[in-house]
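Engineer: One structure coming up, written as structure tokens, with questions to follow.
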Amino acid sequence: MTHFITQHGLPLLFVVVMIESFGIPLPGETALILFGVLASEGHYNIVEVIAIAAAGAIVGDNLGYFLIGRLGGRRLFERWGWLKKYSERVLPRAEELIAKHGAKVVFFGRFITVLRYTAAWAAGLGLMHWRKFLFWNALGGICWATLVGLVAYYGGKSAADAIARYGLYAAAVIVLALVGLYVAHHYGRRWLERRL
């Protein structure tokens, strides 16, 4: 499996991040972390990993914006009566949210798990202008891929060096640090979701 990933992995990274960004919950961020760590071990160039992940994020979000948000979403709401009633309540709020905070939703949505695969839909349904969406989406995708990719790259390199030097003690400290980061990320994300 590792041989397959190291030989054919970058197209796989692009596809997984693109599909997640389109709206199907796949582990795109986990894939980026994995490839960042593999780059730290010399299997990939970290610049290529970041560029491919950012491209997958941008392409996937744009597909979600157009296909689900602009084309499919409103037609789906109009098709069935029960959805039409729901849309009459929800769509004006979505349009208002996007009008007031569209750039923030699109940019920061890249860093929040649920918004990562729904912010593009919301922007399309909320009738956000495509050029504005493209700018904030591309900026968010590039920042997300750079931040996550570099943290995984340098974290993977540091973890490997620490384990080689200090053995089991380093592994235990790394595990505790990862748990702490996960908890901080989880509660930080919830706080940010409440603020948006």
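Going through the structure tokens in order, the chains are called A, B, and so on, while each chain numbers its residues from 1 and the ligands are numbered from 1 in the order shown.
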Need to verify the contact set: Ser40 in chain A, 8 Å, only C-alpha atoms, exclusion of same-chain residues closer than 6 positions in sequence. Can you return it as a VMD selection string?

Structural biologist: chain A and resid 46 153 to 154 156 to 157

Engineer: Kindly export the residues of the current selection with N, CA and C atoms, as a compact mmCIF listing (two decimals), in the first residue's frame.

Structural biologist:
# COMPACT_ATOMS: atom_id res chain seq x y z
N ILE A 46 7.42 18.81 -0.89
CA ILE A 46 6.34 19.43 -0.13
C ILE A 46 5.65 20.54 -0.93
N TYR A 153 4.53 18.41 7.42
CA TYR A 153 5.90 18.21 6.95
C TYR A 153 6.91 18.39 8.09
N TYR A 154 6.85 19.54 8.76
CA TYR A 154 7.81 19.80 9.83
C TYR A 154 7.51 18.97 11.07
N GLY A 156 6.16 15.95 11.03
CA GLY A 156 6.60 14.58 10.72
C GLY A 156 8.10 14.44 10.81
N LYS A 157 8.82 15.44 10.33
CA LYS A 157 10.28 15.42 10.39
C LYS A 157 10.75 15.47 11.85

Engineer: Which is closer to Ala120 in chain A than all the others in A:Gly180, A:Gly23, A:Gly42, A:Gly72, using only C-alpha atoms?

Structural biologist: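 Smallest distance to Ala120 in chain A is found for A:Gly23.
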
Engineer: Might you pull out every residue within 10 Å of Val148 in chain A, with only C-alpha atoms counted and same-chain residues fewer than 5 positions away left off, and present them as a list in words?

Structural biologist: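 Final neighbour list, sorted by chain and number: Glu29, Thr30, Leu32, Ile33, Gly36, Ile50, Ala53, Phe111, Cys143 and Tyr153 of chain A.
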
Engineer: Just to confirm, what's the straight-line distance from CA of Leu76 in chain A to CA of Glu20 in chain A in Å (one decimal)?

Structural biologist: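 If I compute the distance from CA of Leu76 in chain A to CA of Glu20 in chain A, I get 21.2 Å.
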
Engineer: What is the CA of Asp61 in chain A-CA of Val151 in chain A distance in Å, reported with one decimal?

Structural biologist: 22.9 Å

Engineer: Pick out the residues sitting within 6 Å of Met18 in chain A, and hand them over as a PyMOL selection string; count only C-alpha atoms, and ignore anything fewer than 5 positions along from it in its own chain.

Structural biologist: chain A and resi 56-57+60

Engineer: Based on the selection just made, write C-alpha atoms of those residues as a tab-separated table (two decimals), in the first residue's frame.

Structural biologist:
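What ended up in part.tsv:
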chain	number	residue	atom	x	y	z
A	56	GLY	CA	-7.92	20.01	-5.59
A	57	ALA	CA	-9.59	22.23	-2.99
A	60	GLY	CA	-13.76	20.85	-5.91

Engineer: Write out as a list in words which residues come within 9 Å of Arg110 in chain A when counting only C-alpha atoms, dropping same-chain ones fewer than 4 positions away.

Structural biologist: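 Surrounding residues, per the criterion: Ser21, Ala57, Val105, Val106, Leu115, Arg116, Tyr117, Ala119, Asn137, Gly140, Gly141, Cys143 and Trp144 of chain A.
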
Engineer: Would you save the residues of that selection, restricted to N, CA and C atoms, as a JSON list (two decimals), in the first residue's frame?

Structural biologist:
[["chain", "number", "residue", "atom", "x", "y", "z"],
["A", 21, "SER", "N", -13.98, 18.58, -1.17],
["A", 21, "SER", "CA", -14.34, 19.98, -1.35],
["A", 21, "SER", "C", -15.64, 20.12, -2.14],
["A", 57, "ALA", "N", -8.62, 21.49, -3.79],
["A", 57, "ALA", "CA", -9.59, 22.23, -2.99],
["A", 57, "ALA", "C", -10.32, 23.28, -3.83],
["A", 105, "VAL", "N", -17.16, 33.31, 5.33],
["A", 105, "VAL", "CA", -17.67, 31.94, 5.29],
["A", 105, "VAL", "C", -16.84, 31.10, 4.33],
["A", 106, "VAL", "N", -16.55, 31.64, 3.17],
["A", 106, "VAL", "CA", -15.79, 30.88, 2.16],
["A", 106, "VAL", "C", -14.35, 30.68, 2.61],
["A", 115, "LEU", "N", -17.96, 22.91, 7.30],
["A", 115, "LEU", "CA", -18.01, 23.97, 6.29],
["A", 115, "LEU", "C", -17.10, 23.68, 5.10],
["A", 116, "ARG", "N", -16.09, 22.86, 5.29],
["A", 116, "ARG", "CA", -15.18, 22.56, 4.20],
["A", 116, "ARG", "C", -15.93, 21.98, 3.01],
["A", 117, "TYR", "N", -16.97, 21.19, 3.27],
["A", 117, "TYR", "CA", -17.72, 20.65, 2.13],
["A", 117, "TYR", "C", -19.12, 21.21, 1.99],
["A", 119, "ALA", "N", -19.54, 25.09, 2.45],
["A", 119, "ALA", "CA", -19.43, 26.54, 2.24],
["A", 119, "ALA", "C", -19.62, 26.90, 0.77],
["A", 137, "ASN", "N", -12.17, 31.74, -2.16],
["A", 137, "ASN", "CA", -12.00, 30.29, -2.17],
["A", 137, "ASN", "C", -10.55, 29.91, -2.47],
["A", 140, "GLY", "N", -8.39, 30.85, 0.51],
["A", 140, "GLY", "CA", -8.59, 29.88, 1.60],
["A", 140, "GLY", "C", -7.95, 28.54, 1.29],
["A", 141, "GLY", "N", -8.10, 28.06, 0.05],
["A", 141, "GLY", "CA", -7.52, 26.77, -0.34],
["A", 141, "GLY", "C", -6.00, 26.79, -0.28],
["A", 143, "CYS", "N", -4.08, 28.92, 1.55],
["A", 143, "CYS", "CA", -3.65, 29.06, 2.96],
["A", 143, "CYS", "C", -3.83, 27.74, 3.72],
["A", 144, "TRP", "N", -4.97, 27.07, 3.49],
["A", 144, "TRP", "CA", -5.23, 25.79, 4.17],
["A", 144, "TRP", "C", -4.19, 24.75, 3.79]]
